[in-house]
>>> print(open('model.txt').read())   # compact mmCIF, C-alpha atoms
# COMPACT_ATOMS: atom_id res chain seq x y z
CA MET M 1 8.65 41.39 -90.93
CA ALA M 2 4.95 41.85 -90.35
CA GLY M 3 4.49 38.14 -91.00
CA ASP M 4 7.14 37.33 -88.41
CA GLU M 5 5.48 39.54 -85.78
CA TRP M 6 2.16 37.87 -86.45
CA PHE M 7 3.74 34.43 -86.15
CA PHE M 8 5.44 35.16 -82.82
CA SER M 9 2.35 36.86 -81.41
CA GLU M 10 0.22 33.86 -82.44
CA LEU M 11 2.83 31.47 -81.01
CA TRP M 12 2.89 33.34 -77.69
CA VAL M 13 -0.88 33.65 -77.33
CA GLN M 14 -1.84 30.18 -78.49
CA GLU M 15 1.08 28.00 -77.42
CA LEU M 16 3.64 29.57 -75.12
CA ARG M 17 1.47 31.68 -72.81
CA PRO M 18 -0.86 28.85 -71.69
CA TRP M 19 2.13 26.54 -71.36
CA PHE M 20 4.06 29.13 -69.37
CA LEU M 21 1.10 29.88 -67.06
CA HIS M 22 0.59 26.18 -66.34
CA LEU M 23 4.29 25.67 -65.76
CA LEU M 24 4.50 28.71 -63.50
CA SER M 25 1.47 27.58 -61.53
CA ASP M 26 2.94 24.11 -60.98
CA PHE M 27 6.42 25.47 -60.31
CA VAL M 28 5.25 27.85 -57.61
CA LYS M 29 3.22 25.17 -55.84
CA THR M 30 6.07 22.66 -56.06
CA LEU M 31 8.51 25.19 -54.65
CA SER M 32 6.10 25.95 -51.78
CA ILE M 33 6.11 22.27 -50.78
CA LEU M 34 9.87 22.01 -51.13
CA GLY M 35 10.26 25.23 -49.11
CA VAL M 36 8.31 23.73 -46.21
CA LEU M 37 10.41 20.55 -46.37
CA TYR M 38 13.59 22.66 -46.35
CA VAL M 39 12.49 24.58 -43.26
CA ILE M 40 11.69 21.32 -41.44
CA TRP M 41 15.13 19.98 -42.41
CA GLU M 42 16.82 23.05 -40.93
CA VAL M 43 14.69 22.81 -37.78
CA VAL M 44 15.81 19.19 -37.30
CA ASN M 45 19.43 20.34 -37.66
CA LEU M 46 18.82 23.09 -35.14
CA LEU M 47 17.35 20.59 -32.66
CA ARG M 48 20.41 18.39 -33.16
CA ILE M 49 22.71 21.30 -32.41
CA ARG M 50 20.66 22.16 -29.32
CA GLY M 51 21.35 18.65 -28.08
CA TYR M 52 17.93 16.97 -28.43
CA PRO M 53 17.96 13.16 -28.07
CA PRO M 54 19.28 11.39 -31.19
CA ASP M 55 16.40 8.86 -31.11
CA LEU M 56 13.81 11.59 -31.34
CA LEU M 57 15.73 13.33 -34.12
CA SER M 58 16.14 10.07 -35.99
CA ASN M 59 12.37 9.52 -35.91
CA ILE M 60 11.70 13.07 -37.10
CA GLU M 61 14.21 12.56 -39.88
CA LYS M 62 12.49 9.36 -40.94
CA THR M 63 9.15 11.17 -41.05
CA HIS M 64 10.74 13.97 -43.00
CA PHE M 65 12.22 11.48 -45.44
CA ALA M 66 8.82 9.83 -46.02
CA PHE M 67 7.13 13.15 -46.77
CA MET M 68 10.05 14.38 -48.85
CA TRP M 69 10.09 11.21 -50.92
CA ILE M 70 6.40 11.23 -51.76
CA ALA M 71 6.43 15.01 -52.34
CA LEU M 72 9.30 14.74 -54.80
CA VAL M 73 7.80 11.74 -56.57
CA SER M 74 4.29 13.20 -56.89
CA THR M 75 5.40 16.67 -57.99
CA SER M 76 7.90 15.25 -60.52
CA PHE M 77 5.24 12.84 -61.78
CA ASN M 78 2.90 15.80 -62.24
CA PHE M 79 5.44 17.66 -64.38
CA VAL M 80 6.29 14.63 -66.47
CA ILE M 81 2.78 13.31 -67.09
CA LYS M 82 1.55 16.74 -68.18
CA GLN M 83 4.18 16.90 -70.88
CA VAL M 84 3.44 13.31 -71.93
CA ILE M 85 -0.27 14.08 -72.31
CA VAL M 86 0.45 17.25 -74.31
CA LEU M 87 2.69 15.29 -76.70
CA TRP M 88 0.20 12.45 -76.92
CA ARG M 89 -2.59 14.91 -77.76
CA LYS M 90 -0.54 16.45 -80.55
CA ARG M 91 0.07 13.03 -82.11
CA LYS M 92 -3.62 12.13 -82.07
CA PRO M 93 -5.19 12.26 -85.55
CA MET E 1 -32.97 23.05 -77.08
CA ALA E 2 -29.35 22.05 -77.76
CA LYS E 3 -28.15 18.93 -75.99
CA THR E 4 -25.06 19.48 -73.76
CA LYS E 5 -22.29 16.99 -74.54
CA THR E 6 -20.88 15.08 -71.54
CA LEU E 7 -17.09 14.61 -71.47
CA GLY E 8 -15.79 11.08 -71.88
CA PHE E 9 -13.21 9.37 -69.65
CA TRP E 10 -10.15 10.41 -71.67
CA GLU E 11 -11.41 13.96 -72.14
CA ASN E 12 -11.84 14.19 -68.37
CA PHE E 13 -8.35 12.72 -67.95
CA GLU E 14 -6.87 15.38 -70.23
CA PHE E 15 -8.87 18.08 -68.54
CA PHE E 16 -7.62 16.94 -65.13
CA PHE E 17 -3.96 17.13 -66.11
CA LEU E 18 -3.97 20.06 -68.48
CA SER E 19 -6.59 22.45 -67.17
CA ASP E 20 -7.97 21.66 -63.72
CA ASP E 21 -5.16 22.91 -61.48
CA ASP E 22 -7.29 22.99 -58.36
CA ALA E 23 -8.35 19.35 -58.61
CA ARG E 24 -4.88 18.16 -59.54
CA TRP E 25 -3.14 19.93 -56.66
CA LYS E 26 -5.86 18.80 -54.28
CA ALA E 27 -5.04 15.23 -55.33
CA ILE E 28 -1.29 15.83 -54.97
CA GLY E 29 -1.82 17.35 -51.52
CA TRP E 30 -3.92 14.42 -50.30
CA ILE E 31 -1.51 11.86 -51.73
CA ILE E 32 1.44 13.56 -50.00
CA ALA E 33 -0.46 13.77 -46.70
CA VAL E 34 -1.80 10.20 -46.64
CA VAL E 35 1.24 8.43 -48.13
CA GLY E 36 3.63 10.55 -46.03
CA CYS E 37 1.77 9.66 -42.82
CA LEU E 38 1.59 5.94 -43.65
CA GLY E 39 5.24 5.86 -44.73
CA SER E 40 6.28 7.63 -41.50
CA LEU E 41 4.30 5.13 -39.44
CA GLU E 42 5.93 2.20 -41.19
CA PHE E 43 9.37 3.75 -40.91
CA VAL E 44 9.13 4.89 -37.28
CA VAL E 45 6.69 2.52 -35.58
CA LEU E 46 7.40 -0.69 -37.50
CA SER E 47 11.10 0.19 -37.98
CA SER E 48 11.05 -1.12 -41.56
CA ASN E 49 14.06 -0.58 -43.80
CA VAL E 50 14.16 2.18 -46.38
CA ASP E 51 13.55 -0.08 -49.39
CA ASP E 52 10.38 -1.54 -47.86
CA VAL E 53 9.08 1.90 -46.91
CA ILE E 54 9.68 3.23 -50.42
CA LEU E 55 7.95 0.20 -51.93
CA THR E 56 4.94 0.62 -49.66
CA MET E 57 4.70 4.35 -50.26
CA GLY E 58 5.05 3.88 -54.00
CA GLY E 59 2.29 1.25 -53.99
CA ILE E 60 -0.11 3.28 -51.87
CA GLY E 61 0.62 6.42 -53.88
CA MET E 62 -0.11 4.61 -57.13
CA LEU E 63 -3.34 3.12 -55.78
CA MET E 64 -4.50 6.52 -54.53
CA PHE E 65 -3.67 8.09 -57.88
CA ILE E 66 -5.61 5.44 -59.82
CA ALA E 67 -8.61 5.70 -57.45
CA TRP E 68 -8.60 9.50 -57.63
CA ILE E 69 -8.36 9.55 -61.43
CA THR E 70 -11.10 6.94 -61.78
CA LEU E 71 -13.48 8.86 -59.54
CA TYR E 72 -12.64 12.18 -61.19
CA CYS E 73 -12.99 10.89 -64.75
CA SER E 74 -16.20 8.99 -64.01
CA ALA E 75 -17.96 12.10 -62.70
CA PRO E 76 -20.37 13.61 -65.22
CA ARG E 77 -18.84 16.76 -66.59
CA THR E 78 -20.00 18.77 -69.54
CA LYS E 79 -17.94 21.04 -71.75
CA LYS E 80 -19.86 23.95 -70.26
CA ASN E 81 -18.79 23.35 -66.67
CA ALA E 82 -15.31 22.10 -67.56
CA VAL E 83 -13.75 25.53 -67.03
CA PRO E 84 -9.94 25.60 -66.82
CA THR E 85 -8.67 26.81 -63.48
CA LEU E 86 -5.27 28.41 -63.22
CA LEU E 87 -3.30 30.13 -60.53
CA SER E 88 -5.03 33.41 -59.67
CA ARG E 89 -2.97 36.54 -59.07
CA ARG E 90 -3.83 36.43 -55.39
CA GLY E 91 -2.84 32.78 -55.24
CA PHE E 92 0.40 33.53 -57.06
CA VAL E 93 1.30 36.32 -54.65
CA PHE E 94 0.39 34.16 -51.64
CA GLN E 95 2.38 31.15 -52.81
CA THR E 96 5.39 33.18 -53.89
CA SER E 97 5.37 34.88 -50.48
CA ALA E 98 5.26 31.43 -48.86
CA ILE E 99 8.33 30.35 -50.85
CA LEU E 100 10.22 33.51 -49.92
CA ALA E 101 9.19 33.15 -46.26
CA ALA E 102 10.38 29.53 -46.24
CA ALA E 103 13.69 30.48 -47.84
CA LEU E 104 14.26 33.35 -45.42
CA MET E 105 13.25 31.20 -42.46
CA GLY E 106 15.61 28.43 -43.57
CA ILE E 107 18.50 30.86 -43.99
CA GLY E 108 17.66 32.41 -40.60
CA ILE E 109 17.65 29.03 -38.87
CA ARG E 110 20.95 28.20 -40.55
CA ARG E 111 22.48 31.38 -39.13
CA VAL E 112 21.15 30.56 -35.67
CA GLN E 113 22.75 27.10 -35.96
CA ALA E 114 26.09 28.63 -36.95
CA GLU E 115 25.93 31.11 -34.05
CA ILE E 116 25.16 28.35 -31.54
CA VAL E 117 28.01 26.14 -32.77
CA ASP E 118 30.38 29.13 -32.85
CA ARG E 119 29.49 30.03 -29.27
CA GLU E 120 29.83 26.43 -28.10
CA LEU E 121 33.31 26.15 -29.65
CA GLU E 122 34.33 29.50 -28.21
CA ASP E 123 33.13 28.44 -24.72
CA ALA E 124 34.80 25.04 -24.96
CA SER E 125 38.14 26.58 -25.93
CA LEU E 126 38.29 28.96 -22.94
CA PHE E 127 39.87 26.28 -20.73
CA PRO E 128 41.87 24.14 -23.19
CA THR E 129 43.68 22.16 -20.50
CA LYS E 130 40.47 20.75 -18.99
CA GLN E 131 39.40 17.29 -20.16
CA GLU E 132 35.77 18.46 -20.30
CA SER E 133 36.71 21.23 -22.76
CA ILE E 134 38.65 18.76 -24.91
CA ASN E 135 35.61 16.45 -25.08
CA ASP E 136 33.34 19.41 -25.81
CA VAL E 137 35.47 20.54 -28.76
CA THR E 138 35.40 17.09 -30.30
CA ALA E 139 31.61 16.93 -29.82
CA VAL E 140 31.07 20.40 -31.32
CA LEU E 141 33.18 19.58 -34.38
CA GLN E 142 31.31 16.31 -34.90
CA LYS E 143 28.02 18.19 -34.62
CA ALA E 144 29.18 20.83 -37.11
CA LYS E 145 30.20 18.16 -39.60
CA ALA E 146 26.99 16.14 -39.14
CA THR E 147 24.76 19.17 -39.63
CA GLN E 148 27.03 20.74 -42.28
CA VAL E 149 27.16 23.94 -40.28
CA ARG E 150 30.17 26.09 -41.04
CA ILE E 151 31.98 27.37 -37.95
CA SER E 152 33.52 30.76 -38.64
CA ALA E 153 37.21 30.80 -39.57
CA ASP E 154 37.92 33.32 -36.80
CA THR E 155 36.44 31.11 -34.08
CA THR E 156 38.32 28.07 -35.41
CA LYS E 157 41.53 30.10 -35.48
CA ARG E 158 41.10 31.37 -31.90
CA ALA E 159 40.11 27.98 -30.50
CA GLY E 160 42.85 26.17 -32.41
CA THR E 161 45.58 28.58 -31.29
CA ARG E 162 44.48 28.24 -27.66
CA PHE E 163 44.55 24.44 -27.81
CA ALA E 164 47.86 24.38 -29.69
CA GLU E 165 49.51 26.63 -27.10
CA ALA E 166 48.05 24.61 -24.22
CA SER E 167 49.21 21.30 -25.70
CA LEU E 168 52.84 21.75 -24.64
CA SER E 169 51.84 21.82 -20.96
CA ALA E 170 48.75 19.58 -21.35
CA PRO E 171 49.39 16.92 -24.02
CA ASP E 172 45.76 15.73 -23.75
CA ALA E 173 44.77 18.88 -25.64
CA TRP E 174 46.77 17.82 -28.72
CA PRO E 175 44.13 15.51 -30.28
CA ALA E 176 41.62 18.37 -30.02
CA THR E 177 44.17 20.64 -31.75
CA GLN E 178 44.52 18.16 -34.61
CA ALA E 179 40.73 17.79 -34.85
CA LEU E 180 40.50 21.57 -35.15
CA LEU E 181 43.25 21.54 -37.78
CA ASN E 182 41.34 18.96 -39.81
CA TYR E 183 38.20 21.05 -39.51
CA LYS E 184 40.04 24.27 -40.45
CA SER E 185 41.42 22.50 -43.51
CA SER E 186 37.93 21.37 -44.50
CA LEU E 187 36.89 25.05 -44.50
CA ASN E 188 39.62 25.93 -47.02
CA THR E 189 37.57 25.41 -50.13
CA SER E 190 39.07 28.17 -52.22
CA HIS E 191 42.51 28.01 -53.76
CA PRO E 192 44.13 29.34 -56.95
CA ASN E 193 43.12 27.41 -60.02
CA PRO E 194 45.15 28.75 -62.97
CA ARG E 195 45.08 27.10 -66.39
CA PRO E 196 46.30 25.13 -68.25
CA GLN E 197 46.06 22.13 -65.94
CA VAL E 198 48.20 19.16 -66.81
CA ARG E 199 48.34 15.87 -64.97
CA LEU E 200 51.98 15.14 -64.34
CA PRO E 201 53.45 11.98 -65.79
CA PHE E 202 55.99 11.57 -63.02
CA ARG E 203 57.89 8.63 -64.40
CA THR E 204 59.02 10.46 -67.52
CA PHE E 205 59.25 14.00 -66.22
CA ALA E 206 61.94 15.88 -64.37
CA TYR E 207 59.52 16.67 -61.57
CA TYR E 208 59.78 13.09 -60.44
CA THR E 209 62.75 13.76 -58.12
CA TRP E 210 60.43 14.35 -55.20
CA PHE E 211 58.41 11.31 -56.08
CA THR E 212 60.51 9.22 -53.70
CA ALA E 213 60.26 11.77 -50.90
CA VAL E 214 56.63 11.05 -50.09
CA PRO E 215 54.91 7.77 -49.22
CA SER E 216 52.13 8.23 -51.78
CA THR E 217 52.06 10.94 -54.42
CA GLY E 218 48.39 10.52 -55.26
CA VAL E 219 47.43 12.42 -58.40
CA THR E 220 49.39 15.58 -59.13
CA TYR E 221 48.70 18.37 -61.59
CA ALA E 222 50.74 21.30 -62.83
CA LEU E 223 48.54 24.40 -62.83
CA GLY E 224 49.26 27.45 -64.95
CA LEU E 225 52.51 28.57 -66.56
CA SER E 226 54.97 31.08 -65.08
CA ASN E 227 58.54 32.19 -65.22
CA PRO E 228 60.81 32.12 -62.16
CA PRO E 229 60.60 33.14 -59.39
CA ASP E 230 56.78 32.81 -59.41
CA VAL E 231 56.84 29.03 -59.96
CA ALA E 232 55.95 25.89 -58.03
CA GLU E 233 58.68 23.91 -56.33
CA VAL E 234 58.64 20.66 -54.39
CA HIS E 235 61.86 18.93 -53.48
CA PRO E 236 63.73 17.63 -50.46
CA LEU E 237 65.70 20.39 -48.71
CA ASP E 238 68.97 18.53 -49.16
CA LYS E 239 68.49 18.10 -52.91
CA PRO E 240 68.38 20.78 -55.60
CA ASP E 241 65.33 21.52 -57.71
CA VAL E 242 66.07 19.65 -60.94
CA ASN E 243 63.43 21.63 -62.80
CA VAL E 244 65.31 24.88 -62.36
CA ASN E 245 66.25 25.13 -66.07
CA GLN E 246 62.76 24.60 -67.37
CA ILE E 247 61.02 27.70 -68.71
CA PRO E 248 58.13 28.23 -68.42
CA ARG E 249 57.18 26.19 -65.38
CA ALA E 250 54.04 25.43 -63.44
CA THR E 251 52.67 28.25 -61.31
CA PHE E 252 51.20 25.75 -58.82
CA PHE E 253 51.34 22.06 -58.11
CA LEU E 254 48.04 20.51 -57.09
CA ILE E 255 48.65 17.31 -55.13
CA THR E 256 45.51 15.27 -54.43
CA VAL E 257 44.70 12.08 -52.51
CA ALA E 258 48.32 11.69 -51.47
CA ARG E 259 50.12 10.90 -48.24
CA LEU E 260 52.84 13.46 -47.62
CA LYS E 261 55.55 13.88 -45.04
CA LEU E 262 56.49 17.52 -44.54
CA ASP E 263 59.76 16.84 -42.73
CA GLY E 264 62.78 17.79 -44.81
CA MET E 265 60.70 19.22 -47.67
CA PHE E 266 60.78 22.53 -49.51
CA MET E 267 57.37 23.42 -50.91
CA LYS E 268 56.46 26.57 -52.76
CA ASN E 269 53.18 27.40 -54.51
CA VAL E 270 51.63 24.06 -53.71
CA ILE E 271 48.01 23.05 -53.12
CA ILE E 272 47.63 19.86 -51.12
CA LYS E 273 44.09 18.60 -51.34
CA ASP E 274 42.17 15.63 -49.86
CA SER E 275 45.43 14.20 -48.53
CA GLN E 276 46.98 12.83 -45.36
CA VAL E 277 49.75 15.11 -44.08
CA ASP E 278 52.34 13.80 -41.60
CA TYR E 279 54.86 15.87 -39.65
CA TYR E 280 57.36 14.56 -37.11
CA GLY E 281 58.95 17.85 -36.06
CA GLY E 282 61.78 18.10 -38.60
CA GLU E 283 63.16 20.91 -40.70
CA MET E 284 60.92 22.21 -43.51
CA VAL E 285 60.08 25.23 -45.61
CA LEU E 286 56.54 26.05 -46.76
CA ARG E 287 55.92 29.03 -49.00
CA ASN E 288 52.41 29.82 -50.14
CA VAL E 289 51.12 26.29 -49.47
CA TYR E 290 47.39 25.53 -49.31
CA PHE E 291 46.00 22.62 -47.30
CA VAL E 292 42.50 21.89 -48.57
CA ASN E 293 40.39 19.26 -46.82
CA CYS E 294 43.44 17.45 -45.46
CA THR E 295 43.82 15.30 -42.36
CA PHE E 296 46.87 15.84 -40.21
CA SER E 297 49.03 13.57 -38.15
CA ILE E 298 51.48 15.84 -36.34
CA ASN E 299 53.77 14.80 -33.51
CA LEU E 300 53.45 16.93 -30.41
CA SER E 301 56.60 19.05 -30.21
CA GLN E 302 57.58 22.70 -30.23
CA ASN E 303 57.83 22.52 -34.03
CA GLY E 304 54.51 20.69 -34.32
CA VAL E 305 52.82 23.42 -32.28
CA GLN E 306 54.50 26.06 -34.47
CA LEU E 307 53.17 24.35 -37.61
CA ALA E 308 49.67 24.02 -36.09
CA LYS E 309 49.61 27.70 -35.12
CA GLY E 310 50.82 28.63 -38.60
CA MET E 311 48.01 26.63 -40.14
CA PHE E 312 45.37 28.19 -37.89
CA ASN E 313 46.63 31.63 -38.94
CA ALA E 314 46.84 30.72 -42.65
CA GLU E 315 44.76 33.09 -44.75
CA PRO E 316 44.28 30.65 -46.45
CA SER E 317 47.83 29.72 -47.61
CA ILE E 318 50.68 29.17 -45.18
CA THR E 319 54.24 30.44 -45.33
CA LEU E 320 56.42 28.96 -42.61
CA GLN E 321 60.04 27.99 -42.15
CA ILE E 322 61.12 25.62 -39.41
CA PRO E 323 64.92 25.40 -39.25
CA SER E 324 66.76 22.30 -38.21
CA SER E 325 68.22 24.10 -35.21
CA ALA E 326 64.79 24.66 -33.65
CA PRO E 327 64.25 22.46 -30.61
CA ALA E 328 62.24 19.38 -31.55
>>> encode(input="model.txt", output="structure tokens")
Amino acid sequence: MAGDEWFFSELWVQELRPWFLHLLSDFVKTLSILGVLYVIWEVVNLLRIRGYPPDLLSNIEKTHFAFMWIALVSTSFNFVIKQVIVLWRKRKP
Amino acid sequence: MAKTKTLGFWENFEFFFLSDDDARWKAIGWIIAVVGCLGSLEFVVLSSNVDDVILTMGGIGMLMFIAWITLYCSAPRTKKNAVPTLLSRRGFVFQTSAILAAALMGIGIRRVQAEIVDRELEDASLFPTKQESINDVTAVLQKAKATQVRISADTTKRAGTRFAEASLSAPDAWPATQALLNYKSSLNTSHPNPRPQVRLPFRTFAYYTWFTAVPSTGVTYALGLSNPPDVAEVHPLDKPDVNVNQIPRATFFLITVARLKLDGMFMKNVIIKDSQVDYYGGEMVLRNVYFVNCTFSINLSQNGVQLAKGMFNAEPSITLQIPSSAPA
């Protein structure tokens, strides 16, 4: 039992805690960006309901799409490449 | 004096991705800002198509990433000053608050949208015989569908009942009534879903007797198992239910992507989903029938108005009997 406790404590301190902190840090920042994009999306909907010109709304939507696309790509890329590098490091002799 | 070792390219690369949060998120922020702006310009000013914009943004993003990494990894950095940076507690609190604020703001805006659309529908339905009101209702419903804003069931019910009642004296109000019916049906997302669920093989099953009564049966399922009288029934009014001797029987029938004519039909414990429903003002009996995301084609008549009013008042299933003696 004592051996098990030592193993899990070691696993948490050396492996899981740093991984969790990095993941949390990235997750929170990613969600912040997505939160802003969500608010802008709802604002565009609100403007549509208030009867703003469709041309203007279409242009705002296009801008929103461009930012949303690159935000999703770059944040997903960040998550993926981090894991790839961690795995690659572990395989290095 | 000990010589400080300078990090190589790949060590810097690893450090960038695994430890230097500040630098990495600074790069992500700049890439989003620059690529987003350029993509917007191409999309809005040059009116390029989506595929071209995505290709351009992908290319610029990749170039920026490579340039950033090259500059970062080429900078002299020793093990001593390569200190991992992580999210501080203050940063965590600030960013979590930002997420919560964004979520609350989004939900708040959504509520404002729903209130505006509700009010617009309520205002438009005050004078259902006016052409302007009829146009307004159609516009409001289109807006609600386009923005995926849910108009409250109460407002839909009030507006629909007003238009249905006005239709007999002002037939121009009838299309608006049907549009409201379609919308009301799209709000009916919940219905009973008992198990087991069996897709009915009509051709070899006794249930098939009503197969000929409808133009297109779509895909039909028997949901749940019950004993009479709490069982599903669908048959023409002038023909008996041939399944009467079967025990147990389905609690509900789920009819999907079908085209149904309600005239002359007896329906009990039935869920009609994603289907076209026609009614020409004939005799019919509906008991505990759900219309989920259906489109309606109902002839304007006293009976049609009665059916429409019944559907607007459905909570969410409808029970309604229209006898043959009722004036058509």
>>> atom_distance(input="model.txt", atom1="atom CA of E:Tyr221", atom2="atom CA of E:Arg195")
10.6 Å
>>> atom_distance(input="model.txt", atom1="atom CA of E:Ala232", atom2="atom CA of E:Phe252")
4.8 Å
>>> interface_residues(input="model.txt", of="chain M", to="chain E", cutoff="6 Å", atoms="only C-alpha atoms", output="ChimeraX atom specification")
/M:25,32,35,39,45-46,59,63,66-67,70-71,82
>>> atom_distance(input="model.txt", atom1="atom CA of E:Leu262", atom2="atom CA of E:Asn288")
14.1 Å
>>> residues_near_point(input="model.txt", point="(44.4, 29.0, -51.8)", cutoff="8 Å", atoms="all atoms listed in the file", output="PyMOL selection string")
chain E and resi 188-192+271+289-291+316-317
>>> decode(input="model.txt", residues="stretch 51-67 of chain M", atoms="C-alpha atoms", output="mmCIF file, in the first residue's frame")
data_model
loop_
_atom_site.group_PDB
_atom_site.id
_atom_site.type_symbol
_atom_site.label_atom_id
_atom_site.label_comp_id
_atom_site.auth_asym_id
_atom_site.auth_seq_id
_atom_site.Cartn_x
_atom_site.Cartn_y
_atom_site.Cartn_z
ATOM 1 C CA GLY M 51 -33.280 45.132 -38.528
ATOM 2 C CA TYR M 52 -29.772 46.308 -39.485
ATOM 3 C CA PRO M 53 -28.968 46.137 -43.225
ATOM 4 C CA PRO M 54 -28.240 42.574 -44.415
ATOM 5 C CA ASP M 55 -25.154 43.751 -46.374
ATOM 6 C CA LEU M 56 -23.549 45.161 -43.272
ATOM 7 C CA LEU M 57 -24.388 42.032 -41.283
ATOM 8 C CA SER M 58 -23.050 39.815 -44.039
ATOM 9 C CA ASN M 59 -19.718 41.671 -43.948
ATOM 10 C CA ILE M 60 -19.531 41.417 -40.165
ATOM 11 C CA GLU M 61 -20.290 37.716 -40.428
ATOM 12 C CA LYS M 62 -17.513 37.261 -42.958
ATOM 13 C CA THR M 63 -15.076 39.026 -40.637
ATOM 14 C CA HIS M 64 -16.289 36.908 -37.765
ATOM 15 C CA PHE M 65 -15.808 33.774 -39.837
ATOM 16 C CA ALA M 66 -12.218 34.741 -40.713
ATOM 17 C CA PHE M 67 -11.288 35.339 -37.072
#
